[in-house]
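A.B. asks: Pasting a structure here, questions to come.
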Amino acid sequence: MIWSRLTSAATLLPWSLPADASAHGPALDHHLLLNLWIALALLALAHLILLTGLLARRHSAPNHLWRIEYLPLAALALLFSTLTVKAERLWAATRYTGASPTALQVEVTGVQFAWYFRYPGPDATFGLTHPNLVAPGEGNPLGIDPNDPHSADDHVSSQLVLPANREVDLRLNAQDVIHGFSIPEMRLKQNAVPGQTIHLHFTPTTPGTYAILCTQLCGLGHYRMNATLRILPPDQFANWLATQQKAAK
Amino acid sequence: MTPHSNIPPSQPQANKLSPTPVLARVFSTDHRIIGIQYLILALVSVIIGTLLSLLMRIHLVWPDWPLALHGPILPEDYLALVTIHGTIMLFFVLTTAPQAGFGNLILPAQIGARTMAFPGLNAASFWLTAIALITLLASTFAPGGAAISGWTAYPPLSAVPSSGPGQALGMDLWLASIALFAIASTASSINTLTTILRNRCPGMTWERLPLTVWGWFTAALLSIIAFSVLLAAILLLFCDRHAGTSFFLPNGDLVNGVLHQSGNGSPLLWLHLFWFFGHPEVYIAILPGMGLTSMLLANFSHRRVFAYRTMIVTTLLIGLLGILLWGHHMFVAGLNPFASSAFSISTMAIALPAAAKVLSWLATTWRSRPSYKTPMLFALGFVSLFITGGLTGPILAQPILDEYLHNTFFVVAHFHLIMAMAGIFGLYAATYYWFPLITATSSHPGRLLSEPLGHLHFWCTLIGAYAVFLPMHLTGLAGEPRHYAQLTGIPSPGSSLSPAGALLSHTLPLNRFITYAAIFLAAAQLLFFINLTRTLYKGAFASSNPWRATTLEWHPTMNPFTPSPASDTAEISVHRTPCHYQFTSTEISFLPQWAPVSFAQDKIEKATDSKPE
Ligand SMILES: [Cu+2]
Ligand SMILES: [Cu+2]
């Protein structure tokens with residue numbers, strides 16, 4: 001109806017939200033647009049009151065009317081608490097619980113100025129890493145311990161490749177400084193903090209190629225700390241994974 | 001009523017110990033001279049800060065444009081511009097000018113005091129602030145480059161000198177500058193608080209204090225709490241950099257090949273300490289402007305402030321809530337998601353006292369008889385920008401939406417509208433309004449800035465402010481992150497544009513428009529400087545109370561610039577709350593706080609210079 005028309009009109013604007021290709025994205029977008037329209041309406045209303053009050057002159061003395069002083073505040077309190085509750089439900093759905101145990105495991109590491117993505121291989125377990133083993137020149141940018149049996153089948157990629165419609169459990173790390181892991185088209189953003197492992201889970205839906213950015217000022221190469229996310233149909237992803245694992249051996 | 005002469009009795013030089021009158025004036029302990037010194041410091045800072053922002057805007061849309069005497073703007077140059085722009089504007093303009101500048105100049109008079117509580121400390125605070133500014137400017141010439149970590153200076157980037165350009169001596173000087181500033185601000189705020197607590201004249205009860213004073217009072221309270229935490233955080237960071245501690249460095253942190261294994265700190269600790277300071281800081285910047293706006297709207301609408309007591313309560317509530325919501329800067333920083341929910345609720349809560357203020361402003365002007373003098377226009381502009389910038393606050397307060405909008409230009413638009421633009425409008429309102437008090441000397445009364453030029457300046461600035469910052473919401477919604485020196489990304493192998501480049505360059509046309517608008521906005525400020533220079537030399541002299549204000553700074557014996565010893569001046573006492581006005585169809589009468597009569601006995605003044613337009 002009117003609402004959906006407004007929503008579709010908004011996405012047609014030249015500088016609108018980028019494509020939305022994750023399972024939790026549409027609800028987020030819907031809530032964001034609802035908020036934007038409410039803000040726009042309140043903006044118009046407040047300016048209308050301001051201008052009307054200035055243009056229409058009268059002598060009426062100012063008053064302490066209970067209904068001017070508290071009624072709008074009560075209405076705003078109600079409005080904002082409704083929005084908060086709605087937003088909290090969405091936040092809780094994506095952040096209060098972790099990924100399902102069957103989710104695809106990928107480790108994301110931010111380094112000045114690149115993103116590395118590690119897949120655990122058939123044993124589904126990441127090998128140990130040590131900062132003093134880090135040697136990007138020798139093909140070991142993450143410092144994976146070769147003596148750990150779990151590390152033998154790990155493989156590291158500079159591209160994040162994921163199957164469509166399967167939940168992914170990302171574990172975010174940073175090697176040096178704080179980086180901001182962000183995929184606008186997945187409606188995803190989370191800082192990668194050195195010394196911390198932060199889990200982030202989502203389900204990509206639409207196959208395609210998307211931008212991964214760094215959104216936390218991390219030094220002079222911050223603006224070029226980009227990577228690419230490729231969402232593949234499940235069968236193509238299986239092929240890709242097989243080739244990667246062959247190469248890792 | 002009181003006599004209208006503005007000529008004070010001539011006074012001997014206040015400071016007899018100084019060798020020359022020039023030095024006596026420069027190192028004065030007179031609060032009005034110190035206030036003007038602060039304002040000049042803020043003016044120098046705002047000019048530098050604005051020019052830096054123009055360089056940033058120009059670089060974003062014409063990245064190859066070479067800067068004279070420097071060459072092309074490199075990525076580290078861009079980040080240095082961001083850092084110095086943010087630091088200088090936030091600390092040396094938005095904190096200094098309203099709080100220390102106009103606070104010193106006007107606050108004592110407004111509460112019926114002749115001086116600040118600690119004149120020596122006051123002068124020391126100013127000179128410390130000046131040294132802090134010089135240190136900050138010097139840091140840009142440091143070997144290794146100016147600091148590039150943004151004004152938030154997140155570690156480990158800022159904690160490890162080897163983490164890239166700008167993290168060595170430039171960062172040390174930056175930290176030293178902010179530490180000095182924190183000490184100066186704390187001292188100045190203690191002075192402000194003590195003055196308000198101790199030096200009020202008879203009859204100036206807490207409910208009769210002008211709302212501007214309540215703004216200064218709350219901002220000073222916040223300053224003392226917030227800046228002391230910032231100072232501690234800076235000392236800890238300095239120890240991490242040079243004393244081998246690791247408050248903010250996790251074990252096994254590997255920066256540029258240098259391994260740090262000394263301790264077990266957390267970068268998040270810095271974020272907590274920094275934002276515990278950083279969020280109250282934005283209220284420190286805006287609270288005096290909010291108070292002034294309330295007073296100006298009432299003054300020029302010839303009304304009482306709607307719900308005066310509620311306005312006092314909301315000012316204090318904003319201050320209290322302001323120190324409880326720092327975590328809303330950390331929704332995606334690595335906090336427990338439940339903590340984000342708690343901070344989301346405290347942030348949403350502050351929207352209510354802020355909305356109560358807006359309601360009072362709307363009700364104060366509603367169907368009044370406003371006179372559109374330039375200070376009134378800037379106060380109305382403040383209201384408009386405060387609403388526009390404020391309404392995106394609740395959006396950013398919802399963690400799920402912040403997950404998308406965090407560190408995009410949507411946030412830049414939000415805080416520039418509410419803090420920078422509304423803040424600057426507050427400063428302009430203050431300047432146009434109090435200019436007669438700033439320019440009064442012992443030999444002549446104060447001058448009024450030109451009204452036609454002021455009107456033109458207002459409209460150009462309002463249009464420019466909206467033209468710059470409204471479109472930024474759209475580039476933010478389109479996904480453009482902050483702190484990006486270039487918007488084309490790195491090319492992907494085999495093709496010209498990577499997915500990142502495609503996403504980012506999408507906003508280029510709109511960014512071009514924003515840059516043109518920013519140049520227009522900056523150029524429009526020349527109108528103010530023309531007005532300022534013209535008025536200083538040949539502006540019209542003001543009467544002792546040109547706006548027919550009711551607050552004490554317009555009391556005839558408060559006006560003279562050269563200070564009179566307290567013993568020489570008539571006792572002032574206060575009889576009512578500010579902003580008592582009455583009007584008939586042709587005439588407007590007002591009752592200043594100091595007038596001991598009631599309306600019935602008061603002779604109604606002729607409405608000459610503030611007739612409704
Ligand atoms: Cu980064
Ligand atoms: Cu970055």
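Letters for chains follow the order of the structure tokens (A, B, ...), residue numbers begin at 1 for each chain, and ligand numbers begin at 1 in the order shown.
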Just want the residues within 8 Å of ligand 1, written as a ChimeraX atom specification, counting only C-alpha atoms and all ligand atoms.
C.D. replies: /A:110-114,177-181,214-219,221-222,225
A.B. asks: Among stretch 149-200 of chain B, which ones does DSSP place in helix (DSSP H, G or I), written as a PDB file with N, CA and C atoms, in the first residue's frame?
C.D. replies:
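Below is the file that was written, selection-v2.pdb:
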```
ATOM      1  N   PRO B 161      54.425   3.507  18.274  1.00  0.00           N
ATOM      2  CA  PRO B 161      55.012   4.444  17.315  1.00  0.00           C
ATOM      3  C   PRO B 161      55.330   3.805  15.961  1.00  0.00           C
ATOM      4  N   SER B 162      55.507   2.480  15.926  1.00  0.00           N
ATOM      5  CA  SER B 162      55.859   1.849  14.652  1.00  0.00           C
ATOM      6  C   SER B 162      54.648   1.530  13.793  1.00  0.00           C
ATOM      7  N   SER B 163      53.449   1.938  14.212  1.00  0.00           N
ATOM      8  CA  SER B 163      52.252   1.510  13.481  1.00  0.00           C
ATOM      9  C   SER B 163      51.979   2.327  12.236  1.00  0.00           C
ATOM     10  N   LEU B 169      56.530  11.245  16.980  1.00  0.00           N
ATOM     11  CA  LEU B 169      56.542  12.515  17.706  1.00  0.00           C
ATOM     12  C   LEU B 169      55.230  13.288  17.521  1.00  0.00           C
ATOM     13  N   GLY B 170      54.646  13.206  16.313  1.00  0.00           N
ATOM     14  CA  GLY B 170      53.375  13.904  16.054  1.00  0.00           C
ATOM     15  C   GLY B 170      52.311  13.487  17.045  1.00  0.00           C
ATOM     16  N   MET B 171      52.253  12.183  17.343  1.00  0.00           N
ATOM     17  CA  MET B 171      51.252  11.689  18.283  1.00  0.00           C
ATOM     18  C   MET B 171      51.578  12.133  19.704  1.00  0.00           C
ATOM     19  N   ASP B 172      52.873  12.142  20.056  1.00  0.00           N
ATOM     20  CA  ASP B 172      53.255  12.607  21.398  1.00  0.00           C
ATOM     21  C   ASP B 172      52.836  14.059  21.607  1.00  0.00           C
ATOM     22  N   LEU B 173      53.085  14.869  20.578  1.00  0.00           N
ATOM     23  CA  LEU B 173      52.710  16.284  20.708  1.00  0.00           C
ATOM     24  C   LEU B 173      51.198  16.440  20.769  1.00  0.00           C
ATOM     25  N   TRP B 174      50.509  15.626  19.983  1.00  0.00           N
ATOM     26  CA  TRP B 174      49.047  15.667  20.013  1.00  0.00           C
ATOM     27  C   TRP B 174      48.556  15.345  21.428  1.00  0.00           C
ATOM     28  N   LEU B 175      49.111  14.275  22.008  1.00  0.00           N
ATOM     29  CA  LEU B 175      48.708  13.890  23.366  1.00  0.00           C
ATOM     30  C   LEU B 175      49.047  14.993  24.369  1.00  0.00           C
ATOM     31  N   ALA B 176      50.227  15.590  24.204  1.00  0.00           N
ATOM     32  CA  ALA B 176      50.629  16.658  25.121  1.00  0.00           C
ATOM     33  C   ALA B 176      49.654  17.828  25.010  1.00  0.00           C
ATOM     34  N   SER B 177      49.281  18.157  23.777  1.00  0.00           N
ATOM     35  CA  SER B 177      48.351  19.268  23.567  1.00  0.00           C
ATOM     36  C   SER B 177      47.018  19.015  24.268  1.00  0.00           C
ATOM     37  N   ILE B 178      46.487  17.807  24.084  1.00  0.00           N
ATOM     38  CA  ILE B 178      45.181  17.509  24.680  1.00  0.00           C
ATOM     39  C   ILE B 178      45.293  17.439  26.203  1.00  0.00           C
ATOM     40  N   ALA B 179      46.425  16.936  26.708  1.00  0.00           N
ATOM     41  CA  ALA B 179      46.608  16.886  28.160  1.00  0.00           C
ATOM     42  C   ALA B 179      46.618  18.301  28.746  1.00  0.00           C
ATOM     43  N   LEU B 180      47.363  19.212  28.078  1.00  0.00           N
ATOM     44  CA  LEU B 180      47.385  20.600  28.544  1.00  0.00           C
ATOM     45  C   LEU B 180      45.984  21.198  28.495  1.00  0.00           C
ATOM     46  N   PHE B 181      45.284  20.907  27.394  1.00  0.00           N
ATOM     47  CA  PHE B 181      43.934  21.440  27.247  1.00  0.00           C
ATOM     48  C   PHE B 181      43.019  20.922  28.355  1.00  0.00           C
ATOM     49  N   ALA B 182      43.177  19.639  28.689  1.00  0.00           N
ATOM     50  CA  ALA B 182      42.336  19.046  29.729  1.00  0.00           C
ATOM     51  C   ALA B 182      42.579  19.736  31.070  1.00  0.00           C
ATOM     52  N   ILE B 183      43.855  19.997  31.370  1.00  0.00           N
ATOM     53  CA  ILE B 183      44.174  20.668  32.641  1.00  0.00           C
ATOM     54  C   ILE B 183      43.563  22.078  32.638  1.00  0.00           C
ATOM     55  N   ALA B 184      43.760  22.797  31.530  1.00  0.00           N
ATOM     56  CA  ALA B 184      43.241  24.161  31.440  1.00  0.00           C
ATOM     57  C   ALA B 184      41.723  24.184  31.576  1.00  0.00           C
ATOM     58  N   SER B 185      41.064  23.239  30.923  1.00  0.00           N
ATOM     59  CA  SER B 185      39.596  23.203  30.962  1.00  0.00           C
ATOM     60  C   SER B 185      39.092  22.893  32.350  1.00  0.00           C
ATOM     61  N   THR B 186      39.772  21.958  33.023  1.00  0.00           N
ATOM     62  CA  THR B 186      39.345  21.613  34.370  1.00  0.00           C
ATOM     63  C   THR B 186      39.487  22.831  35.282  1.00  0.00           C
ATOM     64  N   ALA B 187      40.629  23.515  35.183  1.00  0.00           N
ATOM     65  CA  ALA B 187      40.848  24.693  36.022  1.00  0.00           C
ATOM     66  C   ALA B 187      39.801  25.757  35.732  1.00  0.00           C
ATOM     67  N   SER B 188      39.562  25.983  34.433  1.00  0.00           N
ATOM     68  CA  SER B 188      38.594  27.000  34.046  1.00  0.00           C
ATOM     69  C   SER B 188      37.185  26.634  34.525  1.00  0.00           C
ATOM     70  N   SER B 189      36.875  25.328  34.513  1.00  0.00           N
ATOM     71  CA  SER B 189      35.540  24.913  34.947  1.00  0.00           C
ATOM     72  C   SER B 189      35.372  25.044  36.450  1.00  0.00           C
ATOM     73  N   ILE B 190      36.451  24.776  37.190  1.00  0.00           N
ATOM     74  CA  ILE B 190      36.399  24.973  38.651  1.00  0.00           C
ATOM     75  C   ILE B 190      36.106  26.446  38.940  1.00  0.00           C
ATOM     76  N   ASN B 191      36.765  27.301  38.169  1.00  0.00           N
ATOM     77  CA  ASN B 191      36.548  28.739  38.291  1.00  0.00           C
ATOM     78  C   ASN B 191      35.084  29.105  38.012  1.00  0.00           C
ATOM     79  N   THR B 192      34.555  28.571  36.929  1.00  0.00           N
ATOM     80  CA  THR B 192      33.164  28.846  36.561  1.00  0.00           C
ATOM     81  C   THR B 192      32.203  28.392  37.651  1.00  0.00           C
ATOM     82  N   LEU B 193      32.408  27.149  38.113  1.00  0.00           N
ATOM     83  CA  LEU B 193      31.512  26.605  39.139  1.00  0.00           C
ATOM     84  C   LEU B 193      31.569  27.443  40.412  1.00  0.00           C
ATOM     85  N   THR B 194      32.790  27.754  40.839  1.00  0.00           N
ATOM     86  CA  THR B 194      32.932  28.522  42.075  1.00  0.00           C
ATOM     87  C   THR B 194      32.278  29.891  41.929  1.00  0.00           C
ATOM     88  N   THR B 195      32.472  30.510  40.758  1.00  0.00           N
ATOM     89  CA  THR B 195      31.875  31.822  40.538  1.00  0.00           C
ATOM     90  C   THR B 195      30.352  31.746  40.674  1.00  0.00           C
ATOM     91  N   ILE B 196      29.764  30.734  40.051  1.00  0.00           N
ATOM     92  CA  ILE B 196      28.301  30.616  40.103  1.00  0.00           C
ATOM     93  C   ILE B 196      27.846  30.292  41.533  1.00  0.00           C
ATOM     94  N   LEU B 197      28.630  29.467  42.223  1.00  0.00           N
ATOM     95  CA  LEU B 197      28.215  29.076  43.567  1.00  0.00           C
ATOM     96  C   LEU B 197      28.357  30.215  44.565  1.00  0.00           C
ATOM     97  N   ARG B 198      29.430  31.018  44.433  1.00  0.00           N
ATOM     98  CA  ARG B 198      29.776  31.958  45.480  1.00  0.00           C
ATOM     99  C   ARG B 198      29.465  33.411  45.183  1.00  0.00           C
TER     100      ARG B 198
END
```
A.B. asks: Write out as a PyMOL selection string the residues lying within 10 Å of B:Asn199, counting only C-alpha atoms and excluding same-chain residues fewer than 5 positions away.
C.D. replies: chain B and resi 108+111-117+193-194+204
A.B. asks: Sort by chain and increasing residue number a table of all residues of chain B within 7 Å of chain A, each with its closest pair of atoms and their distance in Å to one decimal, counting only C-alpha atoms, and write it as a tab-separated table.
C.D. replies:
```
residue	atom	partner	partner_atom	distance
B:Pro75	CA	A:Leu220	CA	5.7
B:Glu76	CA	A:Leu220	CA	5.0
B:Ser149	CA	A:Leu217	CA	6.8
B:Pro155	CA	A:Val177	CA	6.9
B:Pro156	CA	A:Val177	CA	5.1
B:Leu157	CA	A:Val177	CA	5.4
B:Gly164	CA	A:Gly219	CA	6.4
B:Pro250	CA	A:Gly195	CA	5.0
B:Asn251	CA	A:Gly195	CA	6.7
B:Gly252	CA	A:Pro131	CA	6.0
B:Asp253	CA	A:Asp176	CA	5.6
B:Leu254	CA	A:Asp176	CA	5.0
B:Val255	CA	A:Asp176	CA	4.6
B:Arg303	CA	A:Pro62	CA	6.6
B:Arg304	CA	A:Pro62	CA	6.7
B:Phe306	CA	A:Pro62	CA	6.4
B:Ala307	CA	A:His64	CA	6.0
B:Val332	CA	A:Gln190	CA	4.8
B:Ala333	CA	A:Asn191	CA	5.1
B:Gly334	CA	A:Asn191	CA	6.4
B:Pro337	CA	A:Arg95	CA	6.3
B:Ser341	CA	A:Glu88	CA	6.9
B:Met348	CA	A:Phe80	CA	6.9
B:Leu352	CA	A:Leu73	CA	6.7
B:Ala356	CA	A:Leu73	CA	6.7
B:Leu362	CA	A:Leu50	CA	5.7
B:Thr364	CA	A:Pro62	CA	6.6
B:Thr365	CA	A:Gly53	CA	6.2
B:Trp366	CA	A:Gly53	CA	3.9
B:Arg367	CA	A:Arg57	CA	4.6
B:Ser368	CA	A:Arg57	CA	5.7
B:Arg369	CA	A:Arg57	CA	6.0
B:Pro370	CA	A:Leu54	CA	7.0
B:Ile387	CA	A:Leu43	CA	6.7
B:Thr388	CA	A:Leu43	CA	6.2
B:Leu391	CA	A:Ala39	CA	5.6
B:Thr392	CA	A:Ala39	CA	6.8
B:Ile395	CA	A:Asn35	CA	6.4
B:Gln398	CA	A:Ala87	CA	6.0
B:Pro399	CA	A:Trp91	CA	6.6
B:Ile400	CA	A:Trp91	CA	5.1
B:Leu401	CA	A:Leu32	CA	6.3
B:Glu403	CA	A:Lys189	CA	5.4
B:Tyr404	CA	A:Arg187	CA	5.6
B:Asn407	CA	A:Thr215	CA	6.2
B:Leu474	CA	A:Trp15	CA	5.9
B:Thr475	CA	A:Trp15	CA	6.5
B:Leu477	CA	A:Leu17	CA	5.5
B:Ala478	CA	A:Leu17	CA	4.8
B:Gly479	CA	A:Pro184	CA	6.1
B:Pro481	CA	A:Thr215	CA	6.0
B:His483	CA	A:Leu217	CA	6.5
B:Tyr484	CA	A:Tyr223	CA	4.6
B:Ala485	CA	A:Tyr223	CA	5.9
B:Gln486	CA	A:Tyr223	CA	6.4
B:Gly489	CA	A:Arg224	CA	5.6
B:Ile490	CA	A:Arg224	CA	5.8
B:Pro499	CA	A:Ala211	CA	4.8
B:Ala500	CA	A:Ala211	CA	4.4
B:Thr507	CA	A:Trp15	CA	6.7
```
A.B. asks: With DSSP run on the backbone, what are the strand (DSSP E or B) residues within stretch 146-344 of chain B? I'd like them as a ChimeraX atom specification.
C.D. replies: /B:253-255,258-260
A.B. asks: Based on the selection just made, write N, CA and C atoms of those residues as a JSON list (two decimals), in the first residue's frame.
C.D. replies:
```json
[["chain", "number", "residue", "atom", "x", "y", "z"],
["B", 253, "ASP", "N", 50.45, -8.67, 20.35],
["B", 253, "ASP", "CA", 50.07, -7.74, 19.28],
["B", 253, "ASP", "C", 51.28, -7.54, 18.37],
["B", 254, "LEU", "N", 51.02, -7.71, 17.09],
["B", 254, "LEU", "CA", 52.12, -7.66, 16.13],
["B", 254, "LEU", "C", 51.87, -6.50, 15.17],
["B", 255, "VAL", "N", 52.61, -5.41, 15.37],
["B", 255, "VAL", "CA", 52.39, -4.24, 14.53],
["B", 255, "VAL", "C", 53.62, -4.01, 13.67],
["B", 258, "VAL", "N", 56.78, -5.64, 14.57],
["B", 258, "VAL", "CA", 57.24, -5.49, 15.95],
["B", 258, "VAL", "C", 56.25, -6.19, 16.87],
["B", 259, "LEU", "N", 56.75, -7.16, 17.63],
["B", 259, "LEU", "CA", 55.87, -7.96, 18.47],
["B", 259, "LEU", "C", 55.83, -7.39, 19.89],
["B", 260, "HIS", "N", 54.64, -7.20, 20.44],
["B", 260, "HIS", "CA", 54.48, -6.67, 21.79],
["B", 260, "HIS", "C", 53.95, -7.76, 22.69]]
```
A.B. asks: Would you mind listing what lies within 8 Å of A:Glu107 as number ranges by chain, with only C-alpha atoms counted and same-chain residues fewer than 2 positions away left out?
C.D. replies: A: 105, 109, 117-119, 170-173
A.B. asks: Would you mind exporting N, CA and C atoms of the selected residues as a PDB file, in the first residue's frame?
C.D. replies:
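Saved as part-v1.pdb:
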```
ATOM      1  N   GLN A 105      32.280 -22.400   9.094  1.00  0.00           N
ATOM      2  CA  GLN A 105      33.236 -21.650   9.913  1.00  0.00           C
ATOM      3  C   GLN A 105      34.258 -20.956   9.019  1.00  0.00           C
ATOM      4  N   THR A 109      40.790 -12.228   9.516  1.00  0.00           N
ATOM      5  CA  THR A 109      41.844 -11.505  10.228  1.00  0.00           C
ATOM      6  C   THR A 109      42.136 -10.198   9.513  1.00  0.00           C
ATOM      7  N   PHE A 117      41.156 -14.514   4.970  1.00  0.00           N
ATOM      8  CA  PHE A 117      40.052 -15.403   5.328  1.00  0.00           C
ATOM      9  C   PHE A 117      40.593 -16.829   5.393  1.00  0.00           C
ATOM     10  N   ARG A 118      40.391 -17.493   6.541  1.00  0.00           N
ATOM     11  CA  ARG A 118      40.920 -18.844   6.700  1.00  0.00           C
ATOM     12  C   ARG A 118      39.771 -19.833   6.840  1.00  0.00           C
ATOM     13  N   TYR A 119      39.869 -20.905   6.058  1.00  0.00           N
ATOM     14  CA  TYR A 119      38.890 -21.984   6.131  1.00  0.00           C
ATOM     15  C   TYR A 119      39.543 -23.164   6.851  1.00  0.00           C
ATOM     16  N   LEU A 170      31.474 -16.253  11.362  1.00  0.00           N
ATOM     17  CA  LEU A 170      32.775 -15.617  11.191  1.00  0.00           C
ATOM     18  C   LEU A 170      33.406 -15.433  12.558  1.00  0.00           C
ATOM     19  N   ARG A 171      34.694 -15.740  12.663  1.00  0.00           N
ATOM     20  CA  ARG A 171      35.407 -15.349  13.890  1.00  0.00           C
ATOM     21  C   ARG A 171      36.420 -14.265  13.535  1.00  0.00           C
ATOM     22  N   LEU A 172      36.181 -13.087  14.094  1.00  0.00           N
ATOM     23  CA  LEU A 172      36.947 -11.894  13.712  1.00  0.00           C
ATOM     24  C   LEU A 172      38.149 -11.679  14.622  1.00  0.00           C
ATOM     25  N   ASN A 173      39.305 -11.469  13.991  1.00  0.00           N
ATOM     26  CA  ASN A 173      40.532 -11.150  14.724  1.00  0.00           C
ATOM     27  C   ASN A 173      41.196  -9.961  14.072  1.00  0.00           C
TER      28      ASN A 173
END
```
A.B. asks: For atom CA of B:Leu94 and atom CA of B:Met56, determine how far apart the two atoms are, in Å to one decimal place.
C.D. replies: 19.9 Å
A.B. asks: So that I can check the surroundings of B:Phe277, please list as number ranges by chain every protein, DNA and RNA residue that reaches within 9 Å of it, counting only C-alpha atoms and ignoring chain neighbours fewer than 5 positions away.
C.D. replies: B: 222-223, 225-230, 272, 323, 326
A.B. asks: How many Å separate atom CA of B:Ile40 from atom CA of B:Leu121?
C.D. replies: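 It comes out at 19.1 Å.
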A.B. asks: When you look at B:Leu249 with a cut-off of 7 Å (counting only C-alpha atoms), what residues show up, excluding the ones that are within fewer than 5 positions of it in the same chain? I need them as a list of chain:residue names.
C.D. replies: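 So, after excluding close chain neighbours, the residues are B:Pro156, B:Asn264, B:Gly265, B:Ser266, B:Pro267.
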A.B. asks: Go ahead and save the residues from that selection, with all heavy atoms, as a tab-separated table (two decimals), in the first residue's frame.
C.D. replies:
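File out09.tsv, as written:
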```
chain	number	residue	atom	x	y	z
B	156	PRO	N	45.62	0.06	19.22
B	156	PRO	CA	47.07	0.17	19.25
B	156	PRO	C	47.67	1.13	18.22
B	156	PRO	O	48.85	1.43	18.34
B	156	PRO	CB	47.53	-1.27	18.94
B	156	PRO	CG	46.36	-2.13	19.20
B	156	PRO	CD	45.17	-1.31	18.92
B	264	ASN	N	48.96	-7.54	29.20
B	264	ASN	CA	47.68	-8.09	28.80
B	264	ASN	C	46.60	-7.01	28.87
B	264	ASN	O	45.66	-7.11	29.62
B	264	ASN	CB	47.34	-9.26	29.72
B	264	ASN	CG	46.64	-10.35	28.95
B	264	ASN	OD1	46.25	-10.12	27.80
B	264	ASN	ND2	46.47	-11.50	29.56
B	265	GLY	N	46.78	-5.97	28.08
B	265	GLY	CA	45.83	-4.88	28.08
B	265	GLY	C	44.75	-5.07	27.04
B	265	GLY	O	44.69	-6.09	26.37
B	266	SER	N	43.88	-4.07	26.93
B	266	SER	CA	42.82	-4.15	25.92
B	266	SER	C	42.58	-2.78	25.29
B	266	SER	O	42.43	-1.79	25.99
B	266	SER	CB	41.52	-4.62	26.57
B	266	SER	OG	40.45	-4.36	25.69
B	267	PRO	N	42.53	-2.74	23.96
B	267	PRO	CA	42.20	-1.48	23.30
B	267	PRO	C	40.82	-0.98	23.74
B	267	PRO	O	40.57	0.23	23.72
B	267	PRO	CB	42.19	-1.84	21.81
B	267	PRO	CG	42.90	-3.12	21.69
B	267	PRO	CD	42.77	-3.83	23.00
```
A.B. asks: Compare B:Gly423, B:Gly49, B:Gly150, B:Pro280 by their minimum atom-to-atom distance to ligand 2, counting only C-alpha atoms and all ligand atoms, and give me the closest one.
C.D. replies: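 Using only C-alpha atoms and all ligand atoms, ligand 2 sits closest to B:Gly150.
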A.B. asks: So which residues touch stretch 448-455 of chain B within 7 Å, counting only C-alpha atoms, skipping near sequence neighbours fewer than 2 positions away, as a PyMOL selection string?
C.D. replies: chain B and resi 374+432+435-436+446+457-459+527+531-532+535+539-542
A.B. asks: One decimal, Å: what's the distance from atom CA of B:His414 over to atom CA of A:Leu48, could you say?
C.D. replies: 21.1 Å
